[in-house]
Amino acid sequence: MSLTLEAWERRLRDVPRIIKPLSLEAVQATARKGVNVAQGVVPVRTGRLQASIGIDSFKVLSGQTVGEYSAKAEYAKFVEEGTVHFGPRRFMQTSARIIKPKFRRATEVIAIEALRRSLT
């Protein structure tokens, strides 16, 4: 089967429609993974800080879906950044560093899947 250039263009116009739900799934999964990683690496004394780590929101900024997660305990910033009494224990930055390559790979898979779906 051969396709004309016009037929290819028509099919490729569907890619943004196909990518949107796949991207949302990837963002949600990545945020959940970020929470899990942060909860796994945060220093634990009472478990309060660990339990305060959760997903804040999913929103669209400049056409991009963004998932945000954070630690809600009022002292989370001091643990993350340190104080004059103890050094930083960067559980949130560690989480972000660990999940970033996984999200990058997920976006590659989404792009390939969207192209595959648009051409079948």
# chains A, B, ... in the order shown; residues from 1 in each chain; ligands from 1

call {"tool": "select_by_dssp", "arguments": {"residues": "range 4-119 of chain A", "states": "strand (DSSP E)", "output": "JSON, numbers by chain"}}
result
{"A": [53, 54, 55, 56, 57, 58, 59, 60, 61, 64, 65, 66, 67, 68, 69, 70, 71]}

call {"tool": "write_last_selection", "arguments": {"atoms": "N, CA and C atoms", "output": "PDB file, in the first residue's frame"}}
result
ATOM      1  N   ILE A  53       4.522  13.775  51.969  1.00  0.00           N
ATOM      2  CA  ILE A  53       4.897  13.860  50.553  1.00  0.00           C
ATOM      3  C   ILE A  53       3.747  13.339  49.711  1.00  0.00           C
ATOM      4  N   GLY A  54       3.294  14.165  48.786  1.00  0.00           N
ATOM      5  CA  GLY A  54       2.174  13.757  47.946  1.00  0.00           C
ATOM      6  C   GLY A  54       2.051  14.608  46.700  1.00  0.00           C
ATOM      7  N   ILE A  55       1.118  14.221  45.852  1.00  0.00           N
ATOM      8  CA  ILE A  55       0.862  14.943  44.604  1.00  0.00           C
ATOM      9  C   ILE A  55       0.035  16.178  44.925  1.00  0.00           C
ATOM     10  N   ASP A  56       0.466  17.312  44.384  1.00  0.00           N
ATOM     11  CA  ASP A  56      -0.253  18.573  44.574  1.00  0.00           C
ATOM     12  C   ASP A  56      -1.307  18.765  43.504  1.00  0.00           C
ATOM     13  N   SER A  57      -0.882  18.692  42.243  1.00  0.00           N
ATOM     14  CA  SER A  57      -1.825  19.005  41.165  1.00  0.00           C
ATOM     15  C   SER A  57      -1.289  18.533  39.823  1.00  0.00           C
ATOM     16  N   PHE A  58      -2.209  18.510  38.893  1.00  0.00           N
ATOM     17  CA  PHE A  58      -1.894  18.340  37.473  1.00  0.00           C
ATOM     18  C   PHE A  58      -2.521  19.527  36.778  1.00  0.00           C
ATOM     19  N   LYS A  59      -1.741  20.261  36.028  1.00  0.00           N
ATOM     20  CA  LYS A  59      -2.277  21.423  35.327  1.00  0.00           C
ATOM     21  C   LYS A  59      -1.564  21.601  34.006  1.00  0.00           C
ATOM     22  N   VAL A  60      -2.157  22.424  33.164  1.00  0.00           N
ATOM     23  CA  VAL A  60      -1.575  22.716  31.858  1.00  0.00           C
ATOM     24  C   VAL A  60      -0.963  24.103  31.921  1.00  0.00           C
ATOM     25  N   LEU A  61       0.338  24.180  31.664  1.00  0.00           N
ATOM     26  CA  LEU A  61       1.061  25.442  31.623  1.00  0.00           C
ATOM     27  C   LEU A  61       1.699  25.592  30.254  1.00  0.00           C
ATOM     28  N   GLN A  64       1.590  22.599  28.123  1.00  0.00           N
ATOM     29  CA  GLN A  64       2.220  21.378  28.616  1.00  0.00           C
ATOM     30  C   GLN A  64       1.554  20.951  29.918  1.00  0.00           C
ATOM     31  N   THR A  65       1.299  19.657  30.047  1.00  0.00           N
ATOM     32  CA  THR A  65       0.733  19.125  31.279  1.00  0.00           C
ATOM     33  C   THR A  65       1.860  18.963  32.291  1.00  0.00           C
ATOM     34  N   VAL A  66       1.634  19.485  33.486  1.00  0.00           N
ATOM     35  CA  VAL A  66       2.649  19.463  34.530  1.00  0.00           C
ATOM     36  C   VAL A  66       2.066  18.781  35.758  1.00  0.00           C
ATOM     37  N   GLY A  67       2.820  17.877  36.327  1.00  0.00           N
ATOM     38  CA  GLY A  67       2.435  17.250  37.585  1.00  0.00           C
ATOM     39  C   GLY A  67       3.364  17.752  38.676  1.00  0.00           C
ATOM     40  N   GLU A  68       2.795  18.168  39.784  1.00  0.00           N
ATOM     41  CA  GLU A  68       3.608  18.691  40.883  1.00  0.00           C
ATOM     42  C   GLU A  68       3.407  17.833  42.125  1.00  0.00           C
ATOM     43  N   TYR A  69       4.503  17.579  42.827  1.00  0.00           N
ATOM     44  CA  TYR A  69       4.430  16.889  44.107  1.00  0.00           C
ATOM     45  C   TYR A  69       5.377  17.585  45.073  1.00  0.00           C
ATOM     46  N   SER A  70       5.056  17.484  46.355  1.00  0.00           N
ATOM     47  CA  SER A  70       5.870  18.175  47.350  1.00  0.00           C
ATOM     48  C   SER A  70       5.694  17.512  48.711  1.00  0.00           C
ATOM     49  N   ALA A  71       6.502  17.995  49.661  1.00  0.00           N
ATOM     50  CA  ALA A  71       6.370  17.586  51.056  1.00  0.00           C
ATOM     51  C   ALA A  71       5.678  18.721  51.800  1.00  0.00           C
TER      52      ALA A  71
END

call {"tool": "atom_distance", "arguments": {"atom1": "CA of Leu119 in chain A", "atom2": "CA of Ile18 in chain A"}}
result
11.4 Å

call {"tool": "select_by_dssp", "arguments": {"residues": "chain A", "states": "alpha helix (DSSP H)", "output": "mmCIF file with C-alpha atoms, in the first residue's frame"}}
result
data_model
loop_
_atom_site.group_PDB
_atom_site.id
_atom_site.type_symbol
_atom_site.label_atom_id
_atom_site.label_comp_id
_atom_site.auth_asym_id
_atom_site.auth_seq_id
_atom_site.Cartn_x
_atom_site.Cartn_y
_atom_site.Cartn_z
ATOM 1 C CA LEU A 5 2.034 13.006 0.769
ATOM 2 C CA GLU A 6 -1.426 14.431 1.372
ATOM 3 C CA ALA A 7 -2.583 11.185 2.979
ATOM 4 C CA TRP A 8 0.466 11.183 5.270
ATOM 5 C CA GLU A 9 -0.235 14.784 6.253
ATOM 6 C CA ARG A 10 -3.871 13.970 7.064
ATOM 7 C CA ARG A 11 -2.863 11.050 9.254
ATOM 8 C CA LEU A 12 -0.159 13.004 11.038
ATOM 9 C CA VAL A 15 -0.872 12.954 16.374
ATOM 10 C CA PRO A 16 -1.641 15.826 18.825
ATOM 11 C CA ARG A 17 -5.066 14.322 19.604
ATOM 12 C CA ILE A 18 -3.458 10.934 20.230
ATOM 13 C CA ILE A 19 -0.544 12.315 22.283
ATOM 14 C CA LYS A 20 -2.640 14.318 24.751
ATOM 15 C CA PRO A 21 -4.160 11.430 26.792
ATOM 16 C CA LEU A 22 -0.924 9.431 26.581
ATOM 17 C CA SER A 23 1.029 12.430 27.882
ATOM 18 C CA LEU A 24 -1.375 12.947 30.759
ATOM 19 C CA GLU A 25 -0.973 9.302 31.759
ATOM 20 C CA ALA A 26 2.818 9.650 31.633
ATOM 21 C CA VAL A 27 2.798 12.819 33.741
ATOM 22 C CA GLN A 28 0.516 11.231 36.333
ATOM 23 C CA ALA A 29 2.616 8.065 36.489
ATOM 24 C CA THR A 30 5.820 10.085 36.770
ATOM 25 C CA ALA A 31 4.424 12.204 39.615
ATOM 26 C CA ARG A 32 3.345 9.053 41.466
ATOM 27 C CA LYS A 33 6.823 7.581 40.921
ATOM 28 C CA GLY A 34 8.381 10.835 42.178
ATOM 29 C CA VAL A 35 6.317 10.630 45.362
ATOM 30 C CA ASN A 36 7.322 6.996 45.875
ATOM 31 C CA VAL A 37 11.012 7.748 45.342
ATOM 32 C CA ALA A 38 10.933 10.800 47.651
ATOM 33 C CA GLN A 39 9.165 8.788 50.344
ATOM 34 C CA GLY A 40 11.806 6.085 49.971
ATOM 35 C CA VAL A 41 14.830 8.361 50.335
ATOM 36 C CA ARG A 48 5.477 12.636 59.537
ATOM 37 C CA LEU A 49 7.648 14.170 56.815
ATOM 38 C CA GLN A 50 7.485 10.984 54.760
ATOM 39 C CA ALA A 51 3.692 10.870 55.063
ATOM 40 C CA ALA A 76 10.445 19.893 54.909
ATOM 41 C CA LYS A 77 12.414 22.834 53.502
ATOM 42 C CA PHE A 78 14.879 22.671 56.402
ATOM 43 C CA VAL A 79 15.497 18.967 55.844
ATOM 44 C CA GLU A 80 15.866 19.472 52.084
ATOM 45 C CA GLU A 81 18.125 22.531 52.270
ATOM 46 C CA PHE A 91 15.190 13.955 49.210
ATOM 47 C CA MET A 92 13.101 15.987 46.729
ATOM 48 C CA GLN A 93 16.040 16.800 44.446
ATOM 49 C CA THR A 94 17.124 13.175 44.594
ATOM 50 C CA SER A 95 13.643 12.088 43.588
ATOM 51 C CA ALA A 96 13.567 14.518 40.653
ATOM 52 C CA ARG A 97 17.029 13.405 39.496
ATOM 53 C CA ILE A 98 15.981 9.739 39.578
ATOM 54 C CA ILE A 99 12.665 10.127 37.745
ATOM 55 C CA LYS A 100 13.810 12.604 35.066
ATOM 56 C CA PRO A 101 15.395 9.975 32.763
ATOM 57 C CA LYS A 102 12.380 7.703 33.240
ATOM 58 C CA PHE A 103 10.054 10.512 32.151
ATOM 59 C CA ARG A 104 12.285 11.304 29.174
ATOM 60 C CA ARG A 105 12.080 7.666 28.078
ATOM 61 C CA ALA A 106 8.291 7.685 28.576
ATOM 62 C CA THR A 107 7.954 10.710 26.282
ATOM 63 C CA GLU A 108 9.944 8.917 23.595
ATOM 64 C CA VAL A 109 7.647 5.905 23.866
ATOM 65 C CA ILE A 110 4.592 8.193 23.670
ATOM 66 C CA ALA A 111 5.853 9.871 20.506
ATOM 67 C CA ILE A 112 6.507 6.524 18.851
ATOM 68 C CA GLU A 113 3.111 5.179 19.931
ATOM 69 C CA ALA A 114 1.291 8.299 18.685
ATOM 70 C CA LEU A 115 2.966 8.014 15.270
ATOM 71 C CA ARG A 116 2.181 4.307 15.125
ATOM 72 C CA ARG A 117 -1.489 4.911 15.963
ATOM 73 C CA SER A 118 -1.828 7.751 13.476
ATOM 74 C CA LEU A 119 -0.467 5.625 10.644
#
